[in-house]
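Asker: Structure in structure tokens, see below.
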2 protein chains.
Amino acid sequence: MVTIRDVAKDSGFSATTVSIVLNNAPLARYIPTATKKRIEGAAKKLGYRPNLFARSLRSRRSHTVGVMVFDMTDPFCTLVLRGIENSLYQASYLPILTDVQNERARFERYLEMLLDRRVEALIVLANWLFVNIDVLGDLEKSNIPTVMIGRELKNDSISSVIVDNELGGYTAVEHLYALGHRKIAFIRGPKSLTDSAPRWKGVKAFAKARGLEIDPRLAVDLPESRHPTSSFETGYKLTEEMLKAKRPFTALMAFDDMTAFGAIRALSRAGLRVPQQCSVVGFDDVAAASLCTPPLTTIRQPMEAMGAMAASIVLEGISAMLEKRELPAVHRKLAPELAVRDSTRSPA
Amino acid sequence: MVTIRDVAKDSGFSATTVSIVLNNAPLARYIPTATKKRIEGAAKKLGYRPNLFARSLRSRRSHTVGVMVFDMTDPFCTLVLRGIENSLYQASYLPILTDVQNERARFERYLEMLLDRRVEALIVLANWLFVNIDVLGDLEKSNIPTVMIGRELKNDSISSVIVDNELGGYTAVEHLYALGHRKIAFIRGPKSLTDSAPRWKGVKAFAKARGLEIDPRLAVDLPESRHPTSSFETGYKLTEEMLKAKRPFTALMAFDDMTAFGAIRALSRAGLRVPQQCSVVGFDDVAAASLCTPPLTTIRQPMEAMGAMAASIVLEGISAMLEKRELPAVHRKLAPELAVRDSTRSPA
DNA sequence: ACGTTTTAATAAAACGATTCTTCACAGATT
DNA sequence: AATCTGTGAAGAATCGTTTTATTAAAACGT
């Protein structure tokens with residue numbers, strides 16, 4: 001391995017000067033171009049690569065950002081990660097990604113690992129986190145810029161980025177209503193998931209505004225669960241039960257895409273075709289939504305944008321920290337978008 | 001921040017002794033239990049956490065493994081990552097995951113970043129990598145244990161883990177044949193993808209063994225593409241064309257699940273129901289395969305196992321390296337598994 | 001011609017661990 | 001009595017940077 005001293009020797013200057021030149025430190029201003037050229041030349045010739053451990057040890061900076069996801073296999077997260085990744089990449093930060101797998105123990109262990117590695121900020125992707133929100137306590141202690149994606153916070157030390165669930169719920173039911181549906185079944189999210197209430201609130205807001213009647217026997221809740229794809233099965237079961245109950249409906253609004261897939265399966269098993277006999281609308285717009293047949297009409301979360309937003313928030317937080325500015329937490333709510341595909345149409 | 005010297009002071013011993021005790025170094029054998037207890041007590045009391053930069057700088061170890069995926073949004077990779085992650089986690093290694101996004105430039109930059117951070121090994125997840133395989137050259141130079149998942153290598157410095165594509169192809173067509181299908185359409189993978197040839201070879205092997213006739217006009221190739229989900233659209237188009245050509249077939253074997261989804265869409269658009277009028281079998285078993293309706297019969301790649309296998313290969317490589325043993329590259333081929341769902345059935 | 005900036009470069013001191021070498025003292029062995 | 005050996009612990013060197021003084025000459029203003 002070639003060290004800074006090798007470059008110093010080769011170029012004929014001291015290690016100090018080499019460091020100053022290569023990092024373009026403030027003092028580099030006083031160094032003549034000829035010297036700079038010589039040093040840069042030597043560095044390139046020798047293939048010098050600074051030892052990041054030494055550098056970080058001295059400078060107390062790691063140029064890394066910790067990213068924790070609660071479940072990597074949840075299709076929701078890969079696009080968010082794209083957004084994060086791209087933003088950090090531009091800023092020359094390396095994301096260190098950990099998959100907590102919905103386990104408290106892993107969360108703690110990975111958080112420790114990340115802090116031990118002196119990540120300069122933390123992005124937490126809380127897709128489907130039921131496990132008690134007391135992880136917030138752990139996060140607050142870390143004292144580095146932190147942002148949580150997918151969980152609404154009124155916290156002033158941790159920032160948040162979420163989708164506007166209420167608007168999403170409103171938009172979804174508005175779409176069905178506009179198509180002419182009046183008998184709509186609803187599968188709401190689990191009570192403990194913070195997304196559930198606002199989505200439903202949006203639905204009720206629309207219903208009230210337009211005088212849509214909601215049959216309480218056609219509005220059911222997903223049960224609690226730790227696994228994000230479990231809503232497929234529970235969506236299937238709940239739909240089956242509603243069908244058995246013989247309360248007719250021409251459209252179904254599912255809490256998320258997984259639930260919608262489960263509902264479609266149940267409808268199909270019962271001999272009902274989607275969308276001919278029943279429309280279905282989901283929420284999220286995971287990759288599979290556009291792949292299955294019929295492709296799913298759904299409310300798209302702007303996942304890449306959310307990731308990018310989160311990254312820019314923590315990057316801003318890092319600069320603030322370096323300049324010793326106090327920076328209050330920010331809370332962003334991004335608008336979702338209706339993606340109309342083939343799983344919805346006007347009732348016969 | 002509390003340093004090892006603080007612990008030394010508090011416990012009344014030297015930093016040396018503290019280091020030896022806390023790391024359970026060989027010399028710790030000579031240290032009485034009482035001393036150990038005192039030191040461990042002090043460390044815990046002060047909340048001592050060793051500075052990893054200092055530690056790594058001195059010990060020349062990072063306890064990290066670089067993981068490069070060529071496209072994170074490819075659903076194929078998340079489960080493989082699970083497998084990798086779980087194995088590394090147990091061994092107390094931290095994976096550093098980078099998403100190359102199929103760009104050569106990113107590959108190079110990330111590889112540099114990882115090597116700069118002194119990862120002790122490299123796992124490359126080459127799902128859908130068309131970009132010239134000359135990345136191998138770059139990888140070989142790194143001189144750390146390296147394994148490639150998803151690309152067959154006859155290389156003796158880089159290990160590989162792949163699925164047995166030939167067996168998979170054989171199994172898929174065998175399944176269709178057993179159901180009674182004799183007119184089968186095939187969508188083969190792109191020529192440049194190394195998975196394509198062996199899968200087709202498996203098909204031909206079965207056909208020859210059982211006397212199944214393959215109509216060359218019903219066997220088409222996916223075009224080249226850099227994007228893994230593009231096979232959805234091209235699968236759609238190719239199926240459409242085969243339908244237009246009016247050569248009847250009762251089953252279709254797709255190169256992968258994406259292609260199968262595209263094919264199902266085309267069949268459905270043409271008014272053909274799956275599986276009633278045409279069976280479809282895919283390859284991979286991505287998450288969406290079991291979610292869509294009808295759920296897709298497919299050849300499951302043992303993704304978690306592949307990830308775990310790759311991780312254990314590099315961990316073994318690391319130990320070998322530490323003990324200065326020469327360890328030749330190993331090449332593993334894992335058997336896929338037929339997942340029978342509802343997209344296949346006997347012809348009418 | 002004198003003190004003050006500016007320019008140019010360096011030596012030495014961190015940064016916080018690990019590891020190499022040395023030392024002291026038992027008790028056992030020649 | 002002298003020499004090993006096994007314990008127990010510490011001092012000093014080291015890892016490869018960055019940063020903090022410091023020095024020394026050159027440029028500048030009066």
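Every chain in the structure tokens has a letter given in the order shown (A, B, ...), and although residue numbers restart at 1 in each chain, ligands are simply numbered from 1 in the order shown.
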Could you list, as a compact mmCIF listing (two decimals) with C-alpha atoms, in the first residue's frame, every residue of chain B that has an atom within 9 Å of an atom of chain D, counting only C-alpha atoms (C1' of nucleotides)?

Answerer:
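As written to disk, iface-v5.txt reads:
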```
# COMPACT_ATOMS: atom_id res chain seq x y z
CA PHE B 13 -4.76 -0.80 34.59
CA SER B 14 -2.99 0.19 31.45
CA ALA B 15 -4.56 0.66 28.05
CA THR B 16 -2.63 -2.38 26.90
CA THR B 17 -4.23 -4.63 29.45
CA TYR B 30 -2.46 -14.89 31.69
CA ILE B 31 -4.81 -12.35 33.16
CA PRO B 32 -6.58 -13.24 36.39
CA ALA B 54 -8.59 3.40 15.19
CA SER B 56 -9.22 -0.95 11.84
CA LEU B 57 -6.31 1.35 11.15
CA ARG B 58 -4.12 -0.62 13.46
CA SER B 59 -5.42 -4.12 12.98
CA ARG B 60 -5.94 -3.83 9.25
```

Asker: Show me which bits of chain C are within 8 Å of chain B, counting only C-alpha atoms (C1' of nucleotides), as an mmCIF file with C-alpha atoms (C1' of nucleotides), in the first residue's frame.

Answerer:
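Written output follows (result02.cif):
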```
data_model
loop_
_atom_site.group_PDB
_atom_site.id
_atom_site.type_symbol
_atom_site.label_atom_id
_atom_site.label_comp_id
_atom_site.auth_asym_id
_atom_site.auth_seq_id
_atom_site.Cartn_x
_atom_site.Cartn_y
_atom_site.Cartn_z
ATOM 1 C "C1'" DC C 15 -6.668 10.731 16.493
ATOM 2 C "C1'" DG C 16 -7.640 5.922 19.479
ATOM 3 C "C1'" DA C 17 -6.837 1.814 19.100
ATOM 4 C "C1'" DT C 18 -3.413 -2.779 18.744
#
```

Asker: For atom CA of B:Asp342 and atom CA of B:Ala289, quote the distance in Å rounded to one decimal.

Answerer: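 Separation between atom CA of B:Asp342 and atom CA of B:Ala289: 10.5 Å.
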
Asker: Which is closer to chain A than all the others in B:Ala288, B:Ala339, B:Ala320, B:Leu153, using only C-alpha atoms?

Answerer: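 So, comparing all the options, the nearest one is B:Ala288.
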
Asker: At a cut-off of 8 Å, list the chain A residues touching chain B, using only C-alpha atoms, as number ranges by chain.

Answerer: A: 49-54, 56-57, 72-73, 75, 78-79, 82, 85, 95-99, 116-117, 232, 258, 261-262, 264-265, 268, 288, 291-294

Asker: Take the residues from that selection and write them out as a CSV table (one decimal), in the first residue's frame, keeping N, CA, C and O atoms.

Answerer:
```
chain,number,residue,atom,x,y,z
A,49,ARG,N,-4.0,6.0,-2.8
A,49,ARG,CA,-5.4,6.1,-2.3
A,49,ARG,C,-5.3,6.3,-0.8
A,49,ARG,O,-4.8,5.4,-0.1
A,50,PRO,N,-5.9,7.3,-0.3
A,50,PRO,CA,-5.8,7.6,1.1
A,50,PRO,C,-6.4,6.5,1.9
A,50,PRO,O,-7.4,5.9,1.5
A,51,ASN,N,-5.9,6.2,3.0
A,51,ASN,CA,-6.5,5.2,4.0
A,51,ASN,C,-7.6,5.9,4.7
A,51,ASN,O,-7.4,6.8,5.5
A,52,LEU,N,-8.8,5.4,4.4
A,52,LEU,CA,-10.0,6.1,5.0
A,52,LEU,C,-10.1,5.9,6.5
A,52,LEU,O,-10.6,6.8,7.2
A,53,PHE,N,-9.5,4.9,7.0
A,53,PHE,CA,-9.5,4.7,8.5
A,53,PHE,C,-8.7,5.8,9.1
A,53,PHE,O,-9.2,6.4,10.1
A,54,ALA,N,-7.5,6.0,8.6
A,54,ALA,CA,-6.7,7.0,9.2
A,54,ALA,C,-7.3,8.4,9.0
A,54,ALA,O,-7.4,9.2,10.0
A,56,SER,N,-10.5,9.1,8.6
A,56,SER,CA,-11.7,9.3,9.5
A,56,SER,C,-11.3,9.4,10.9
A,56,SER,O,-11.9,10.2,11.7
A,57,LEU,N,-10.3,8.7,11.3
A,57,LEU,CA,-9.9,8.8,12.7
A,57,LEU,C,-9.5,10.2,13.1
A,57,LEU,O,-9.9,10.7,14.1
A,72,MET,N,-36.6,-5.5,4.0
A,72,MET,CA,-36.1,-5.3,2.6
A,72,MET,C,-37.0,-6.0,1.6
A,72,MET,O,-37.0,-5.6,0.4
A,73,THR,N,-37.6,-7.1,1.9
A,73,THR,CA,-38.4,-7.8,0.9
A,73,THR,C,-39.7,-7.1,0.6
A,73,THR,O,-40.4,-7.5,-0.3
A,75,PRO,N,-41.7,-4.9,-1.2
A,75,PRO,CA,-41.4,-4.2,-2.5
A,75,PRO,C,-41.5,-2.7,-2.5
A,75,PRO,O,-40.9,-2.0,-3.3
A,78,THR,N,-37.6,-0.9,-2.3
A,78,THR,CA,-36.5,-0.8,-3.2
A,78,THR,C,-36.4,0.5,-3.9
A,78,THR,O,-35.3,1.1,-4.2
A,79,LEU,N,-37.6,1.0,-4.3
A,79,LEU,CA,-37.6,2.3,-5.0
A,79,LEU,C,-37.2,3.5,-4.2
A,79,LEU,O,-36.5,4.4,-4.6
A,82,ARG,N,-33.6,3.5,-4.0
A,82,ARG,CA,-33.1,4.1,-5.2
A,82,ARG,C,-32.9,5.6,-5.0
A,82,ARG,O,-31.9,6.2,-5.4
A,85,GLU,N,-30.2,6.4,-2.5
A,85,GLU,CA,-28.9,6.1,-3.1
A,85,GLU,C,-28.5,7.1,-4.1
A,85,GLU,O,-27.3,7.6,-4.0
A,95,PRO,N,-24.1,5.1,1.4
A,95,PRO,CA,-25.1,4.6,2.3
A,95,PRO,C,-24.7,3.3,2.9
A,95,PRO,O,-24.2,2.4,2.1
A,96,ILE,N,-24.9,3.1,4.1
A,96,ILE,CA,-24.7,1.7,4.7
A,96,ILE,C,-26.1,1.2,5.1
A,96,ILE,O,-26.8,1.7,6.0
A,97,LEU,N,-26.5,0.2,4.3
A,97,LEU,CA,-27.9,-0.3,4.4
A,97,LEU,C,-28.0,-1.5,5.3
A,97,LEU,O,-27.3,-2.5,5.2
A,98,THR,N,-29.0,-1.4,6.2
A,98,THR,CA,-29.2,-2.6,7.1
A,98,THR,C,-30.6,-3.0,7.0
A,98,THR,O,-31.5,-2.2,7.0
A,99,ASP,N,-30.9,-4.3,7.1
A,99,ASP,CA,-32.2,-4.8,7.0
A,99,ASP,C,-32.6,-5.4,8.4
A,99,ASP,O,-32.1,-6.4,8.8
A,116,ASP,N,-21.3,2.9,15.7
A,116,ASP,CA,-19.9,2.5,15.9
A,116,ASP,C,-19.1,2.9,14.7
A,116,ASP,O,-17.9,3.3,14.8
A,117,ARG,N,-19.7,2.8,13.5
A,117,ARG,CA,-19.0,3.2,12.3
A,117,ARG,C,-19.2,4.6,12.0
A,117,ARG,O,-18.8,5.1,10.9
A,232,PHE,N,-51.7,-10.0,2.1
A,232,PHE,CA,-52.2,-10.7,1.0
A,232,PHE,C,-53.2,-11.8,1.5
A,232,PHE,O,-54.4,-11.8,1.0
A,258,MET,N,-50.9,-5.2,-1.7
A,258,MET,CA,-50.9,-6.6,-1.3
A,258,MET,C,-52.3,-7.1,-1.0
A,258,MET,O,-52.7,-8.2,-1.4
A,261,PHE,N,-54.2,-7.5,-4.1
A,261,PHE,CA,-53.9,-8.8,-4.7
A,261,PHE,C,-54.7,-9.9,-4.1
A,261,PHE,O,-55.3,-10.8,-4.8
A,262,GLY,N,-54.7,-9.9,-2.8
A,262,GLY,CA,-55.5,-10.9,-2.1
A,262,GLY,C,-57.0,-10.9,-2.4
A,262,GLY,O,-57.6,-11.9,-2.6
A,264,ILE,N,-58.4,-9.7,-5.1
A,264,ILE,CA,-58.6,-10.1,-6.5
A,264,ILE,C,-58.6,-11.6,-6.5
A,264,ILE,O,-59.5,-12.2,-7.2
A,265,ARG,N,-57.7,-12.2,-5.8
A,265,ARG,CA,-57.7,-13.7,-5.8
A,265,ARG,C,-59.0,-14.2,-5.3
A,265,ARG,O,-59.6,-15.2,-5.9
A,268,SER,N,-61.8,-13.7,-7.8
A,268,SER,CA,-61.6,-14.6,-8.9
A,268,SER,C,-62.0,-16.0,-8.5
A,268,SER,O,-62.7,-16.7,-9.3
A,288,ALA,N,-45.3,-5.1,-8.7
A,288,ALA,CA,-46.2,-6.1,-9.2
A,288,ALA,C,-47.5,-5.5,-9.7
A,288,ALA,O,-48.2,-6.2,-10.5
A,291,LEU,N,-47.6,-5.4,-13.3
A,291,LEU,CA,-47.2,-6.6,-14.0
A,291,LEU,C,-48.3,-7.6,-14.0
A,291,LEU,O,-48.4,-8.5,-14.9
A,292,CYS,N,-49.2,-7.6,-13.0
A,292,CYS,CA,-50.2,-8.6,-13.0
A,292,CYS,C,-51.3,-8.3,-14.0
A,292,CYS,O,-51.4,-7.2,-14.5
A,293,THR,N,-52.2,-9.3,-14.2
A,293,THR,CA,-53.3,-9.2,-15.2
A,293,THR,C,-54.6,-9.4,-14.4
A,293,THR,O,-54.8,-10.5,-13.9
A,294,PRO,N,-55.5,-8.5,-14.4
A,294,PRO,CA,-55.4,-7.1,-15.0
A,294,PRO,C,-54.4,-6.3,-14.1
A,294,PRO,O,-54.4,-6.5,-12.9
```

Asker: Please extract the residues of stretch 90-289 of chain A with a backbone DSSP assignment of strand (DSSP E or B) and present them as a PyMOL selection string.

Answerer: chain A and resi 94-99+122-125+146-149+159-163+184-188+219-221+251-253+279-284

Asker: What is the distance, in Å and to one decimal place, between atom CA of B:Met148 and atom CA of B:Glu103?

Answerer: 17.2 Å

Asker: Enumerate the residues of stretch 20-91 of chain A with a DSSP assignment of alpha helix (DSSP H), computed from the backbone, and present them as a ChimeraX atom specification.

Answerer: /A:20-23,33-46,52-59,75-90

Asker: So how far away is atom CA of B:Leu88 from atom CA of B:Arg29, in Å?

Answerer: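 Interatomic distance, atom CA of B:Arg29 to atom CA of B:Leu88: 28.4 Å.
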